[in-house]
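Dropping coords31.pdb in here (PDB, C-alpha atoms):
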```pdb
ATOM      1  CA  MET O   1     -16.449 150.281  44.337
ATOM      2  CA  PRO O   2     -14.776 153.327  42.775
ATOM      3  CA  THR O   3     -16.986 156.384  42.384
ATOM      4  CA  VAL O   4     -16.794 159.009  39.623
ATOM      5  CA  ALA O   5     -17.480 162.733  40.093
ATOM      6  CA  PRO O   6     -18.017 163.955  36.505
ATOM      7  CA  LEU O   7     -17.254 167.399  35.093
ATOM      8  CA  ASP O   8     -18.634 167.936  31.596
ATOM      9  CA  LEU O   9     -16.557 170.607  29.837
ATOM     10  CA  ASP O  10     -16.399 171.738  26.225
ATOM     11  CA  GLY O  11     -13.056 171.110  24.545
ATOM     12  CA  HIS O  12      -9.859 169.061  24.541
ATOM     13  CA  CYS O  13      -8.427 168.539  28.053
ATOM     14  CA  ILE O  14      -4.632 168.952  27.918
ATOM     15  CA  ALA O  15      -3.994 168.231  31.612
ATOM     16  CA  ALA O  16      -6.078 166.888  34.507
ATOM     17  CA  VAL O  17      -4.046 167.377  37.693
ATOM     18  CA  PHE O  18      -4.264 167.984  41.431
ATOM     19  CA  LEU O  19      -2.846 171.249  42.806
ATOM     20  CA  ASP O  20      -2.672 171.215  46.592
ATOM     21  CA  GLY O  21      -5.310 168.478  46.580
ATOM     22  CA  VAL O  22      -7.736 170.398  44.341
ATOM     23  CA  PRO O  23      -8.521 168.911  40.895
ATOM     24  CA  HIS O  24      -7.702 171.241  37.985
ATOM     25  CA  PHE O  25      -8.468 170.729  34.292
ATOM     26  CA  ALA O  26      -6.521 172.700  31.663
ATOM     27  CA  LEU O  27      -8.300 172.932  28.303
ATOM     28  CA  ALA O  28      -6.906 173.716  24.862
ATOM     29  CA  ASP O  29      -9.035 176.864  24.671
ATOM     30  CA  GLY O  30      -6.888 178.359  27.456
ATOM     31  CA  THR O  31      -9.246 177.975  30.404
ATOM     32  CA  ILE O  32      -8.310 176.289  33.691
ATOM     33  CA  HIS O  33     -11.261 174.694  35.505
ATOM     34  CA  ARG O  34     -11.144 173.566  39.132
ATOM     35  CA  LEU O  35     -13.441 171.700  41.482
ATOM     36  CA  ASP O  36     -12.993 173.728  44.664
ATOM     37  CA  HIS O  37     -16.282 174.005  46.577
ATOM     38  CA  GLY O  38     -18.055 174.043  43.233
ATOM     39  CA  HIS O  39     -16.950 174.487  39.633
ATOM     40  CA  GLN O  40     -14.770 177.563  39.045
ATOM     41  CA  TRP O  41     -12.580 178.588  36.130
ATOM     42  CA  THR O  42      -9.958 181.075  34.999
ATOM     43  CA  GLU O  43      -9.233 182.275  31.463
ATOM     44  CA  LEU O  44      -5.468 181.908  31.244
ATOM     45  CA  HIS O  45      -4.303 181.698  27.612
ATOM     46  CA  ASP O  46      -5.564 182.474  24.149
ATOM     47  CA  GLY O  47      -5.028 178.842  23.158
ATOM     48  CA  LEU O  48      -3.209 176.497  25.567
ATOM     49  CA  LEU O  49      -0.654 174.026  24.206
ATOM     50  CA  CYS O  50       1.193 172.467  27.151
ATOM     51  CA  ALA O  51       1.140 172.105  30.933
ATOM     52  CA  SER O  52       3.311 170.663  33.703
ATOM     53  CA  VAL O  53       2.837 170.466  37.487
ATOM     54  CA  GLU O  54       5.671 172.045  39.488
ATOM     55  CA  HIS O  55       7.566 170.052  42.127
ATOM     56  CA  SER O  56       5.677 171.611  45.019
ATOM     57  CA  GLY O  57       2.470 170.102  43.679
ATOM     58  CA  LYS O  58       0.767 173.454  44.284
ATOM     59  CA  THR O  59       1.216 175.218  40.939
ATOM     60  CA  LEU O  60       0.824 174.490  37.236
ATOM     61  CA  LEU O  61       3.088 175.741  34.451
ATOM     62  CA  THR O  62       1.355 176.393  31.131
ATOM     63  CA  GLY O  63       2.342 177.639  27.684
ATOM     64  CA  GLY O  64       0.130 178.858  24.891
ATOM     65  CA  GLU O  65      -0.422 180.180  21.417
ATOM     66  CA  ASP O  66      -0.346 183.694  22.922
ATOM     67  CA  GLY O  67       3.405 183.383  23.674
ATOM     68  CA  LYS O  68       2.870 183.359  27.430
ATOM     69  CA  VAL O  69       4.360 181.074  30.061
ATOM     70  CA  CYS O  70       2.179 181.191  33.173
ATOM     71  CA  ARG O  71       2.228 179.824  36.693
ATOM     72  CA  SER O  72      -1.190 179.287  38.222
ATOM     73  CA  GLY O  73      -2.481 177.889  41.495
ATOM     74  CA  GLY O  74      -5.575 177.830  43.632
ATOM     75  CA  GLN O  75      -7.868 180.801  44.119
ATOM     76  CA  ALA O  76      -7.317 181.833  40.476
ATOM     77  CA  THR O  77      -3.819 183.217  41.145
ATOM     78  CA  VAL O  78      -1.876 183.683  37.908
ATOM     79  CA  GLU O  79       1.721 184.834  37.375
ATOM     80  CA  VAL O  80       2.992 185.541  33.846
ATOM     81  CA  LEU O  81       6.612 184.324  33.857
ATOM     82  CA  HIS O  82       7.471 185.109  30.242
ATOM     83  CA  GLU O  83       5.767 186.684  27.263
ATOM     84  CA  ALA O  84       6.876 186.427  23.644
ATOM     85  CA  PRO O  85       4.254 187.971  21.345
ATOM     86  CA  ARG O  86       3.585 186.204  18.031
ATOM     87  CA  LYS O  87       5.342 183.036  19.226
ATOM     88  CA  TRP O  88       3.877 179.725  20.346
ATOM     89  CA  ILE O  89       5.069 178.110  23.573
ATOM     90  CA  THR O  90       4.913 174.447  22.604
ATOM     91  CA  SER O  91       6.450 172.720  25.648
ATOM     92  CA  VAL O  92       7.085 173.430  29.330
ATOM     93  CA  ALA O  93       8.908 171.471  32.046
ATOM     94  CA  ALA O  94       9.283 172.000  35.785
ATOM     95  CA  GLY O  95      12.699 171.572  37.339
ATOM     96  CA  PRO O  96      14.065 171.616  40.899
ATOM     97  CA  GLN O  97      14.220 174.683  43.141
ATOM     98  CA  GLY O  98      11.878 176.774  41.049
ATOM     99  CA  VAL O  99      13.795 176.317  37.785
ATOM    100  CA  LEU O 100      11.730 175.719  34.654
ATOM    101  CA  ALA O 101      12.174 175.315  30.918
ATOM    102  CA  PHE O 102      10.019 176.122  27.925
ATOM    103  CA  GLY O 103      10.325 175.773  24.180
ATOM    104  CA  SER O 104       9.320 177.959  21.250
ATOM    105  CA  GLY O 105      10.338 177.260  17.672
ATOM    106  CA  ARG O 106      13.994 176.248  17.583
ATOM    107  CA  THR O 107      14.817 177.718  20.995
ATOM    108  CA  ALA O 108      14.645 176.130  24.434
ATOM    109  CA  TYR O 109      14.730 178.522  27.380
ATOM    110  CA  ALA O 110      15.732 177.846  30.968
ATOM    111  CA  ARG O 111      14.314 180.211  33.573
ATOM    112  CA  LEU O 112      16.446 180.114  36.717
ATOM    113  CA  ALA O 113      15.057 180.647  40.218
ATOM    114  CA  ASN O 114      16.196 184.295  40.212
ATOM    115  CA  GLY O 115      14.188 185.003  37.038
ATOM    116  CA  THR O 116      17.162 184.943  34.657
ATOM    117  CA  ILE O 117      16.223 183.419  31.297
ATOM    118  CA  LYS O 118      18.900 181.600  29.252
ATOM    119  CA  PRO O 119      18.165 180.663  25.613
ATOM    120  CA  PHE O 120      19.548 177.533  23.933
ATOM    121  CA  GLU O 121      19.346 177.466  20.150
ATOM    122  CA  HIS O 122      18.839 174.289  18.091
ATOM    123  CA  PRO O 123      19.007 173.631  14.338
ATOM    124  CA  ARG O 124      15.471 172.189  14.316
ATOM    125  CA  SER O 125      12.351 172.784  16.387
ATOM    126  CA  VAL O 126      12.182 171.979  20.098
ATOM    127  CA  GLU O 127       9.593 169.206  20.515
ATOM    128  CA  GLY O 128       9.709 168.089  24.156
ATOM    129  CA  LEU O 129      11.417 168.996  27.436
ATOM    130  CA  ALA O 130      12.205 167.180  30.684
ATOM    131  CA  PHE O 131      14.465 167.735  33.683
ATOM    132  CA  ALA O 132      16.695 165.028  35.140
ATOM    133  CA  PRO O 133      15.597 163.932  38.638
ATOM    134  CA  LYS O 134      18.800 165.293  40.162
ATOM    135  CA  GLY O 135      20.566 168.536  39.328
ATOM    136  CA  LEU O 136      19.725 171.156  36.728
ATOM    137  CA  ARG O 137      20.298 169.097  33.588
ATOM    138  CA  PHE O 138      17.398 169.123  31.127
ATOM    139  CA  GLY O 139      16.775 167.297  27.888
ATOM    140  CA  VAL O 140      15.402 168.711  24.634
ATOM    141  CA  ALA O 141      13.741 166.282  22.220
ATOM    142  CA  ARG O 142      14.443 167.298  18.629
ATOM    143  CA  TYR O 143      14.916 165.897  15.155
ATOM    144  CA  ASN O 144      17.546 163.117  15.233
ATOM    145  CA  GLY O 145      17.830 162.856  19.003
ATOM    146  CA  VAL O 146      18.052 164.713  22.304
ATOM    147  CA  THR O 147      20.291 167.551  23.505
ATOM    148  CA  LEU O 148      21.169 167.679  27.217
ATOM    149  CA  HIS O 149      21.799 171.155  28.651
ATOM    150  CA  PHE O 150      23.237 172.321  31.970
ATOM    151  CA  PRO O 151      21.745 175.806  32.455
ATOM    152  CA  GLY O 152      23.412 176.428  35.820
ATOM    153  CA  THR O 153      26.932 176.129  34.367
ATOM    154  CA  GLU O 154      28.831 177.006  31.204
ATOM    155  CA  GLY O 155      29.274 173.326  30.359
ATOM    156  CA  LYS O 156      28.843 172.183  26.784
ATOM    157  CA  PRO O 157      25.602 170.412  25.842
ATOM    158  CA  VAL O 158      25.652 166.654  25.332
ATOM    159  CA  GLU O 159      24.165 165.303  22.097
ATOM    160  CA  MET O 160      22.311 161.966  22.113
ATOM    161  CA  GLU O 161      21.806 160.999  18.479
ATOM    162  CA  TRP O 162      19.280 158.684  16.827
ATOM    163  CA  ALA O 163      17.816 159.226  13.357
ATOM    164  CA  GLY O 164      14.182 160.331  13.224
ATOM    165  CA  ALA O 165      11.840 162.864  14.798
ATOM    166  CA  HIS O 166      11.742 162.715  18.611
ATOM    167  CA  THR O 167       8.598 164.330  19.995
ATOM    168  CA  GLY O 168       8.756 163.843  23.777
ATOM    169  CA  VAL O 169      11.371 162.989  26.407
ATOM    170  CA  THR O 170      11.557 161.557  29.924
ATOM    171  CA  PHE O 171      14.282 160.598  32.416
ATOM    172  CA  SER O 172      13.948 157.483  34.553
ATOM    173  CA  PRO O 173      13.413 158.275  38.261
ATOM    174  CA  ASN O 174      16.958 157.126  39.104
ATOM    175  CA  GLY O 175      18.444 159.225  36.306
ATOM    176  CA  ASP O 176      20.093 156.233  34.603
ATOM    177  CA  PHE O 177      17.993 156.203  31.418
ATOM    178  CA  LEU O 178      16.615 158.675  28.893
ATOM    179  CA  VAL O 179      13.611 157.711  26.740
ATOM    180  CA  THR O 180      11.875 159.544  23.890
ATOM    181  CA  THR O 181       8.617 159.187  22.022
ATOM    182  CA  MET O 182       9.026 159.334  18.255
ATOM    183  CA  GLN O 183       7.049 160.439  15.233
ATOM    184  CA  GLU O 184       7.198 156.826  14.103
ATOM    185  CA  ASN O 185       5.438 154.168  16.194
ATOM    186  CA  ALA O 186       8.295 153.625  18.640
ATOM    187  CA  LEU O 187      10.135 154.672  21.760
ATOM    188  CA  HIS O 188      13.894 155.112  21.821
ATOM    189  CA  GLY O 189      16.153 155.056  24.838
ATOM    190  CA  TRP O 190      19.709 155.649  25.932
ATOM    191  CA  LYS O 191      21.635 154.333  28.913
ATOM    192  CA  LEU O 192      23.208 157.602  30.052
ATOM    193  CA  SER O 193      26.360 156.099  31.589
ATOM    194  CA  ASP O 194      27.613 154.694  28.291
ATOM    195  CA  GLY O 195      25.215 155.974  25.602
ATOM    196  CA  ARG O 196      23.954 152.507  24.659
ATOM    197  CA  HIS O 197      20.758 152.494  22.626
ATOM    198  CA  MET O 198      17.430 150.875  23.505
ATOM    199  CA  ARG O 199      14.922 150.367  20.710
ATOM    200  CA  MET O 200      11.321 149.834  21.811
ATOM    201  CA  THR O 201       9.252 149.134  18.695
ATOM    202  CA  GLY O 202       6.217 147.179  17.515
ATOM    203  CA  TYR O 203       3.507 149.724  18.372
ATOM    204  CA  PRO O 204       0.557 149.976  15.971
ATOM    205  CA  ALA O 205       0.165 153.722  16.735
ATOM    206  CA  LYS O 206       2.207 156.664  18.009
ATOM    207  CA  VAL O 207       3.031 156.715  21.705
ATOM    208  CA  LYS O 208       1.498 159.867  23.200
ATOM    209  CA  SER O 209       1.487 158.948  26.896
ATOM    210  CA  PHE O 210       4.068 157.347  29.187
ATOM    211  CA  SER O 211       4.465 156.897  32.929
ATOM    212  CA  TRP O 212       7.195 155.539  35.226
ATOM    213  CA  SER O 213       6.374 153.346  38.195
ATOM    214  CA  ALA O 214       7.283 154.863  41.572
ATOM    215  CA  LYS O 215      10.717 153.234  41.840
ATOM    216  CA  GLY O 216      11.371 153.298  38.101
ATOM    217  CA  ARG O 217      11.157 149.521  37.653
ATOM    218  CA  TRP O 218       8.631 149.881  34.810
ATOM    219  CA  LEU O 219       7.830 152.352  32.021
ATOM    220  CA  ALA O 220       4.231 152.162  30.786
ATOM    221  CA  SER O 221       3.154 153.530  27.418
ATOM    222  CA  SER O 222       0.109 154.010  25.189
ATOM    223  CA  GLY O 223      -0.077 153.340  21.446
ATOM    224  CA  ALA O 224      -1.488 149.785  21.374
ATOM    225  CA  PRO O 225      -4.683 147.884  22.345
ATOM    226  CA  ALA O 226      -2.929 147.231  25.682
ATOM    227  CA  ALA O 227      -0.638 149.261  27.913
ATOM    228  CA  ILE O 228       2.899 148.337  26.853
ATOM    229  CA  VAL O 229       5.028 148.180  30.013
ATOM    230  CA  TRP O 230       8.806 147.911  29.596
ATOM    231  CA  PRO O 231      11.041 146.442  32.341
ATOM    232  CA  PHE O 232      13.787 148.728  33.674
ATOM    233  CA  GLN O 233      14.879 146.714  36.731
ATOM    234  CA  GLY O 234      18.264 145.654  35.343
ATOM    235  CA  LYS O 235      21.310 147.769  34.606
ATOM    236  CA  ASP O 236      20.635 147.545  30.856
ATOM    237  CA  GLY O 237      16.945 148.428  31.050
ATOM    238  CA  PRO O 238      14.637 146.619  28.607
ATOM    239  CA  MET O 239      17.368 145.503  26.194
ATOM    240  CA  GLY O 240      16.636 141.900  25.193
ATOM    241  CA  LYS O 241      13.480 141.696  27.338
ATOM    242  CA  PRO O 242       9.870 141.665  26.162
ATOM    243  CA  PRO O 243       7.374 144.157  27.612
ATOM    244  CA  LEU O 244       4.293 143.300  29.621
ATOM    245  CA  GLU O 245       0.917 143.924  27.970
ATOM    246  CA  LEU O 246      -1.647 145.061  30.540
ATOM    247  CA  GLY O 247      -5.365 145.723  30.099
ATOM    248  CA  THR O 248      -5.664 144.257  26.594
ATOM    249  CA  ARG O 249      -9.014 145.202  25.013
ATOM    250  CA  GLY O 250      -9.032 143.893  21.450
ATOM    251  CA  ASN O 251      -9.596 146.755  19.015
ATOM    252  CA  THR O 252      -9.757 149.622  21.560
ATOM    253  CA  MET O 253      -6.505 151.592  21.794
ATOM    254  CA  VAL O 254      -4.862 152.701  25.005
ATOM    255  CA  THR O 255      -4.540 156.505  24.885
ATOM    256  CA  ALA O 256      -3.249 157.422  28.384
ATOM    257  CA  VAL O 257      -1.370 155.743  31.249
ATOM    258  CA  ALA O 258      -0.608 156.817  34.837
ATOM    259  CA  PHE O 259       1.227 154.741  37.439
ATOM    260  CA  HIS O 260       0.061 154.939  41.056
ATOM    261  CA  PRO O 261       2.364 157.153  43.204
ATOM    262  CA  SER O 262       3.656 154.301  45.407
ATOM    263  CA  GLU O 263       2.201 150.954  44.255
ATOM    264  CA  GLU O 264       2.903 149.088  41.020
ATOM    265  CA  ILE O 265      -0.680 149.673  39.881
ATOM    266  CA  LEU O 266      -1.325 151.279  36.492
ATOM    267  CA  ALA O 267      -4.336 153.375  35.506
ATOM    268  CA  ILE O 268      -5.071 152.797  31.821
ATOM    269  CA  GLY O 269      -7.309 155.096  29.743
ATOM    270  CA  TYR O 270      -8.772 154.057  26.394
ATOM    271  CA  ALA O 271     -10.033 155.595  23.175
ATOM    272  CA  ASP O 272     -13.643 154.897  24.196
ATOM    273  CA  GLY O 273     -13.308 156.718  27.528
ATOM    274  CA  MET O 274     -12.978 153.633  29.733
ATOM    275  CA  VAL O 275     -10.422 153.583  32.587
ATOM    276  CA  LEU O 276      -9.025 150.406  34.171
ATOM    277  CA  ALA O 277      -6.574 149.890  37.038
ATOM    278  CA  VAL O 278      -4.233 146.918  36.611
ATOM    279  CA  ARG O 279      -1.793 145.510  39.172
ATOM    280  CA  VAL O 280       1.539 144.613  37.579
ATOM    281  CA  ALA O 281       2.283 141.623  39.839
ATOM    282  CA  ASP O 282      -0.742 139.499  38.881
ATOM    283  CA  GLN O 283      -2.360 141.605  36.125
ATOM    284  CA  LYS O 284      -5.604 141.818  38.124
ATOM    285  CA  GLU O 285      -7.978 144.420  36.609
ATOM    286  CA  ILE O 286     -10.460 146.763  38.294
ATOM    287  CA  LEU O 287     -12.916 148.896  36.313
ATOM    288  CA  LEU O 288     -12.567 152.534  37.409
ATOM    289  CA  LYS O 289     -14.773 154.199  34.776
ATOM    290  CA  ARG O 290     -17.065 152.927  32.062
ATOM    291  CA  GLU O 291     -16.987 154.053  28.432
ATOM    292  CA  GLY O 292     -17.741 157.722  27.880
ATOM    293  CA  LYS O 293     -17.356 160.509  25.344
ATOM    294  CA  GLY O 294     -13.999 160.729  23.622
ATOM    295  CA  PRO O 295     -10.541 159.224  24.176
ATOM    296  CA  ILE O 296      -8.861 159.664  27.576
ATOM    297  CA  SER O 297      -6.152 162.294  26.994
ATOM    298  CA  THR O 298      -4.724 162.818  30.503
ATOM    299  CA  MET O 299      -4.750 161.227  33.968
ATOM    300  CA  ASN O 300      -2.979 162.030  37.250
ATOM    301  CA  TRP O 301      -3.174 160.720  40.826
ATOM    302  CA  ASP O 302      -3.414 162.902  43.923
ATOM    303  CA  LYS O 303      -0.809 162.842  46.697
ATOM    304  CA  ASP O 304      -3.182 160.942  48.995
ATOM    305  CA  GLU O 305      -3.060 158.156  46.385
ATOM    306  CA  ARG O 306      -6.814 157.513  46.306
ATOM    307  CA  ARG O 307      -8.134 159.893  43.648
ATOM    308  CA  LEU O 308      -7.466 159.969  39.908
ATOM    309  CA  ALA O 309      -8.262 163.037  37.795
ATOM    310  CA  PHE O 310      -8.986 162.370  34.124
ATOM    311  CA  GLY O 311      -9.765 164.355  31.000
ATOM    312  CA  THR O 312     -10.692 163.479  27.427
ATOM    313  CA  GLU O 313     -10.316 164.978  23.985
ATOM    314  CA  THR O 314     -13.973 166.031  24.106
ATOM    315  CA  GLY O 315     -14.072 167.604  27.606
ATOM    316  CA  ASP O 316     -15.565 164.601  29.434
ATOM    317  CA  CYS O 317     -13.586 165.129  32.653
ATOM    318  CA  GLY O 318     -13.841 164.185  36.298
ATOM    319  CA  VAL O 319     -12.359 162.590  39.413
ATOM    320  CA  ILE O 320     -12.365 158.882  40.279
ATOM    321  CA  ASP O 321     -12.213 158.009  43.990
ATOM    322  CA  ILE O 322     -10.854 154.458  44.131
ATOM    323  CA  ALA O 323     -11.913 154.104  47.791
ATOM    324  CA  GLY O 324     -15.549 154.718  46.790
TER     325      GLY O 324
END
```

With the file now loaded, output its structure as C-alpha cells.
Amino acid sequence: MPTVAPLDLDGHCIAAVFLDGVPHFALADGTIHRLDHGHQWTELHDGLLCASVEHSGKTLLTGGEDGKVCRSGGQATVEVLHEAPRKWITSVAAGPQGVLAFGSGRTAYARLANGTIKPFEHPRSVEGLAFAPKGLRFGVARYNGVTLHFPGTEGKPVEMEWAGAHTGVTFSPNGDFLVTTMQENALHGWKLSDGRHMRMTGYPAKVKSFSWSAKGRWLASSGAPAAIVWPFQGKDGPMGKPPLELGTRGNTMVTAVAFHPSEEILAIGYADGMVLAVRVADQKEILLKREGKGPISTMNWDKDERRLAFGTETGDCGVIDIAG
C-alpha cells in the first residue's frame, strides 16, 4: 500500500518537486520548504508566481512579484539571476545547457549560459514559456497564438496563430507538436512540420495542468471530472481521434496530472485533495491519497520513480511513496 508523509504548510503550493532526491515545496508567499532530515525552509521571494525544475534535476528556477529570477538548490543555496524592480516575473522555463527564459509584461527574456540576457518584445503580455526538447528554440504563449524564438541565432521568430488568449505552452517530447492551454475551456495544438491545427475542446473548465507520457504517446490534462488524455501516437496527433477519460469521479474535478517518468501510469489529483494512479493500458486505478484539504495544485515524480510529491491550494502538501 502507498504511504503518505504529510507536510502541513500555510498557503498555496505553486510547485512540489524533487531536487537531487529531496522534496521541495514552493509556496506563493515566496518560501521554499524542503524535507531534508527534518522540515527546513528558505525565504526566497516577496510573492512567488512561477517555478520550473532545471534539466539537472538539482535546481529550481523561480520568479516573483519582487522582479527577481532565482536559482535555488539544496542546503538553502540561492542565486539571483536577474532583478527587475517594480516588475512581476510571471513565467520561467528551463532550457538545455544552462539556458533559461522568463517573462515579464510584454517581454520574454532568454538568459544564455554565459549570463547574456536577450529581450524579445511582444505586442501583448507573455503568458507562458517552454523550450523545445532539442536546440535552443523556445515558445511564448500570447494572445492569438505562440511565437517561437531562436535566442542563439539572429533568425526571425516564427508565428503560430490561433485566435484567443493562450495561457500556457508545451512541446511534445519528440518536438513534433506544440500545444497550448487557453483562456477558454480548450487546448490548441500545431503540427510543427506543416503548421496544421489541432483543436482539443469539450472541457467543462479551464485546463491548468498537463503532462506528457514518457515517450510522448499521450498528453494528459485537467479541466474535467476525469483526466482527459489525448493520443499522440500517429503522425497527425489527436486529429480525428477521441481522448481517453481516466479516473472519472462524477462531480469532482481533476485539478492536476503527472505521468510516471517511464511507465504509462498517470497520477491524477482532484479538487477534494484525492490522488489516484491509473494505468493507461487497462485503466486500473490505485488510491494513492484520500481526500484532504484543498484542490491538488501540483505533483511531480522523483527520478527513482517511486515517490510523488504533491501540493494543494491550501498548503496540504507531502510525499507519497508508492512502494509503501

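Using only C-alpha atoms, the shortest contact distance between Asp316 in chain O and any of O:Pro85, O:Gly195, O:Pro225, O:Gly273 is found at O:Gly273.
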
Which residues, named as in the file, does the PyMOL selection byres ((chain O and resi 174) around 10) pick out? Answer as a PDB file with C-alpha atoms, keeping the file's coordinate frame.
```pdb
ATOM      1  CA  ALA O 132      16.695 165.028  35.140  1.00  0.00           C
ATOM      2  CA  PRO O 133      15.597 163.932  38.638  1.00  0.00           C
ATOM      3  CA  LYS O 134      18.800 165.293  40.162  1.00  0.00           C
ATOM      4  CA  PHE O 171      14.282 160.598  32.416  1.00  0.00           C
ATOM      5  CA  SER O 172      13.948 157.483  34.553  1.00  0.00           C
ATOM      6  CA  PRO O 173      13.413 158.275  38.261  1.00  0.00           C
ATOM      7  CA  GLY O 175      18.444 159.225  36.306  1.00  0.00           C
ATOM      8  CA  ASP O 176      20.093 156.233  34.603  1.00  0.00           C
ATOM      9  CA  PHE O 177      17.993 156.203  31.418  1.00  0.00           C
ATOM     10  CA  LYS O 215      10.717 153.234  41.840  1.00  0.00           C
ATOM     11  CA  GLY O 216      11.371 153.298  38.101  1.00  0.00           C
ATOM     12  CA  ARG O 217      11.157 149.521  37.653  1.00  0.00           C
TER      13      ARG O 217
END
```

Mind dumping a table of every range 134-220 of chain O residue within 12 Å of range 261-269 of chain O, with the nearest atom pair and its distance in Å to one decimal, using only C-alpha atoms, sorted by chain and rising number, as JSON lines?
```
{"residue": "O:Lys208", "atom": "CA", "partner": "O:Gly269", "partner_atom": "CA", "distance": 12.0}
{"residue": "O:Ser209", "atom": "CA", "partner": "O:Gly269", "partner_atom": "CA", "distance": 10.0}
{"residue": "O:Phe210", "atom": "CA", "partner": "O:Ile268", "partner_atom": "CA", "distance": 10.5}
{"residue": "O:Ser211", "atom": "CA", "partner": "O:Leu266", "partner_atom": "CA", "distance": 8.8}
{"residue": "O:Trp212", "atom": "CA", "partner": "O:Pro261", "partner_atom": "CA", "distance": 9.5}
{"residue": "O:Ser213", "atom": "CA", "partner": "O:Glu264", "partner_atom": "CA", "distance": 6.2}
{"residue": "O:Ala214", "atom": "CA", "partner": "O:Ser262", "partner_atom": "CA", "distance": 5.3}
{"residue": "O:Lys215", "atom": "CA", "partner": "O:Ser262", "partner_atom": "CA", "distance": 8.0}
{"residue": "O:Gly216", "atom": "CA", "partner": "O:Glu264", "partner_atom": "CA", "distance": 9.9}
{"residue": "O:Arg217", "atom": "CA", "partner": "O:Glu264", "partner_atom": "CA", "distance": 8.9}
{"residue": "O:Trp218", "atom": "CA", "partner": "O:Glu264", "partner_atom": "CA", "distance": 8.5}
{"residue": "O:Leu219", "atom": "CA", "partner": "O:Leu266", "partner_atom": "CA", "distance": 10.2}
{"residue": "O:Ala220", "atom": "CA", "partner": "O:Leu266", "partner_atom": "CA", "distance": 8.0}
```

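Look at everything within 8 Å of (12.3, 180.2, 26.5) using only C-alpha atoms, and the residues you get are His82, Ala101, Phe102, Gly103, Ser104, Thr107, Ala108, Tyr109, Ala110, Arg111, Ile117, Lys118 and Pro119 of chain O.
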
Notebook entry, point to check: Which of these, O:Lys87, O:Lys206, O:His166, O:Arg307, has the shortest distance to Lys68 in chain O once you count all atoms listed in the file?
Noted result: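 For Lys68 in chain O, the nearest of the candidates is O:Lys87.
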
Note to self: Residues within 7 Å of range 70-81 of chain O, please, as a ChimeraX atom specification. Count all atoms listed in the file; anything in the same chain fewer than 6 positions from it doesn't count.
What the structure shows: /O:19,42,58-63

Check: Do you know which residues the PyMOL selection byres ((chain O and resi 155-164) around 10) returns on this file, as a PyMOL selection string?
Finding: chain O and resi 120+137-154+165-167+178+182-184+188-190+192+195-197

Margin query: Taking only C-alpha atoms into account, name the residue in O:Gly240, O:Phe232, O:Leu129, O:Pro2 that is nearest to Thr181 in chain O.
Written below: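 Of the candidates, the smallest distance to Thr181 in chain O is held by O:Leu129.
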
Next item on the list: Between O:Gly47, O:Asp272, O:Gly223, O:Glu285, single out the one closest to Gly247 in chain O, counting only C-alpha atoms.
Entry: O:Glu285

Check: To one decimal place, how far is CA of Ala309 in chain O from CA of Leu287 in chain O in Å?
Finding: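 Separation between CA of Ala309 in chain O and CA of Leu287 in chain O: 15.0 Å.
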
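Here the question is which of O:Gly324, O:Ala205, O:Val278, O:Lys289 gets nearest to Met253 in chain O using all atoms listed in the file, and that residue is O:Ala205.
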
Margin query: Just to confirm, what's the straight-line distance from CA of Ser297 in chain O to CA of Ala186 in chain O in Å (one decimal)?
Written below: 18.8 Å

Item checked: Expected selection from the PyMOL selection byres ((chain O and resi 17) around 12), given as a PyMOL selection string -> chain O and resi 13-16+18-27+32-35+51-54+57-61+73+258+298-303+307-311+317-319

For the residues in the current selection, export C-alpha atoms as a compact mmCIF listing (two decimals), in the frame of the given file.
```
# COMPACT_ATOMS: atom_id res chain seq x y z
CA CYS O 13 -8.43 168.54 28.05
CA ILE O 14 -4.63 168.95 27.92
CA ALA O 15 -3.99 168.23 31.61
CA ALA O 16 -6.08 166.89 34.51
CA PHE O 18 -4.26 167.98 41.43
CA LEU O 19 -2.85 171.25 42.81
CA ASP O 20 -2.67 171.22 46.59
CA GLY O 21 -5.31 168.48 46.58
CA VAL O 22 -7.74 170.40 44.34
CA PRO O 23 -8.52 168.91 40.90
CA HIS O 24 -7.70 171.24 37.98
CA PHE O 25 -8.47 170.73 34.29
CA ALA O 26 -6.52 172.70 31.66
CA LEU O 27 -8.30 172.93 28.30
CA ILE O 32 -8.31 176.29 33.69
CA HIS O 33 -11.26 174.69 35.51
CA ARG O 34 -11.14 173.57 39.13
CA LEU O 35 -13.44 171.70 41.48
CA ALA O 51 1.14 172.10 30.93
CA SER O 52 3.31 170.66 33.70
CA VAL O 53 2.84 170.47 37.49
CA GLU O 54 5.67 172.04 39.49
CA GLY O 57 2.47 170.10 43.68
CA LYS O 58 0.77 173.45 44.28
CA THR O 59 1.22 175.22 40.94
CA LEU O 60 0.82 174.49 37.24
CA LEU O 61 3.09 175.74 34.45
CA GLY O 73 -2.48 177.89 41.50
CA ALA O 258 -0.61 156.82 34.84
CA THR O 298 -4.72 162.82 30.50
CA MET O 299 -4.75 161.23 33.97
CA ASN O 300 -2.98 162.03 37.25
CA TRP O 301 -3.17 160.72 40.83
CA ASP O 302 -3.41 162.90 43.92
CA LYS O 303 -0.81 162.84 46.70
CA ARG O 307 -8.13 159.89 43.65
CA LEU O 308 -7.47 159.97 39.91
CA ALA O 309 -8.26 163.04 37.80
CA PHE O 310 -8.99 162.37 34.12
CA GLY O 311 -9.76 164.36 31.00
CA CYS O 317 -13.59 165.13 32.65
CA GLY O 318 -13.84 164.18 36.30
CA VAL O 319 -12.36 162.59 39.41
```

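Nearest residue to Leu112 in chain O among O:Pro242, O:Gly98, O:Gly67, O:Gly128 is O:Gly98, counting all atoms listed in the file.
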
Expected axis-aligned box over every listed atom of range 112-125 of chain O, 5 Å added per side, centre plus edges in Å to one decimal, as AutoDock Vina command-line options:
```
--center_x 15.9 --center_y 178.6 --center_z 27.3 --size_x 17.2 --size_y 22.8 --size_z 35.9
```

Check: Between CA of Trp88 in chain O and CA of Cys50 in chain O, what is the distance, to one decimal in Å?
Finding: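 Computed distance, CA of Trp88 in chain O to CA of Cys50 in chain O, equals 10.3 Å.
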
Note to self: Neighbouring residues of Leu49 in chain O were defined as those with any atom within 7 Å, considering all atoms listed in the file; residues of the same chain fewer than 5 positions away were excluded. Please report them as a VMD selection string.
What the structure shows: chain O and resid 28 63 to 65 90
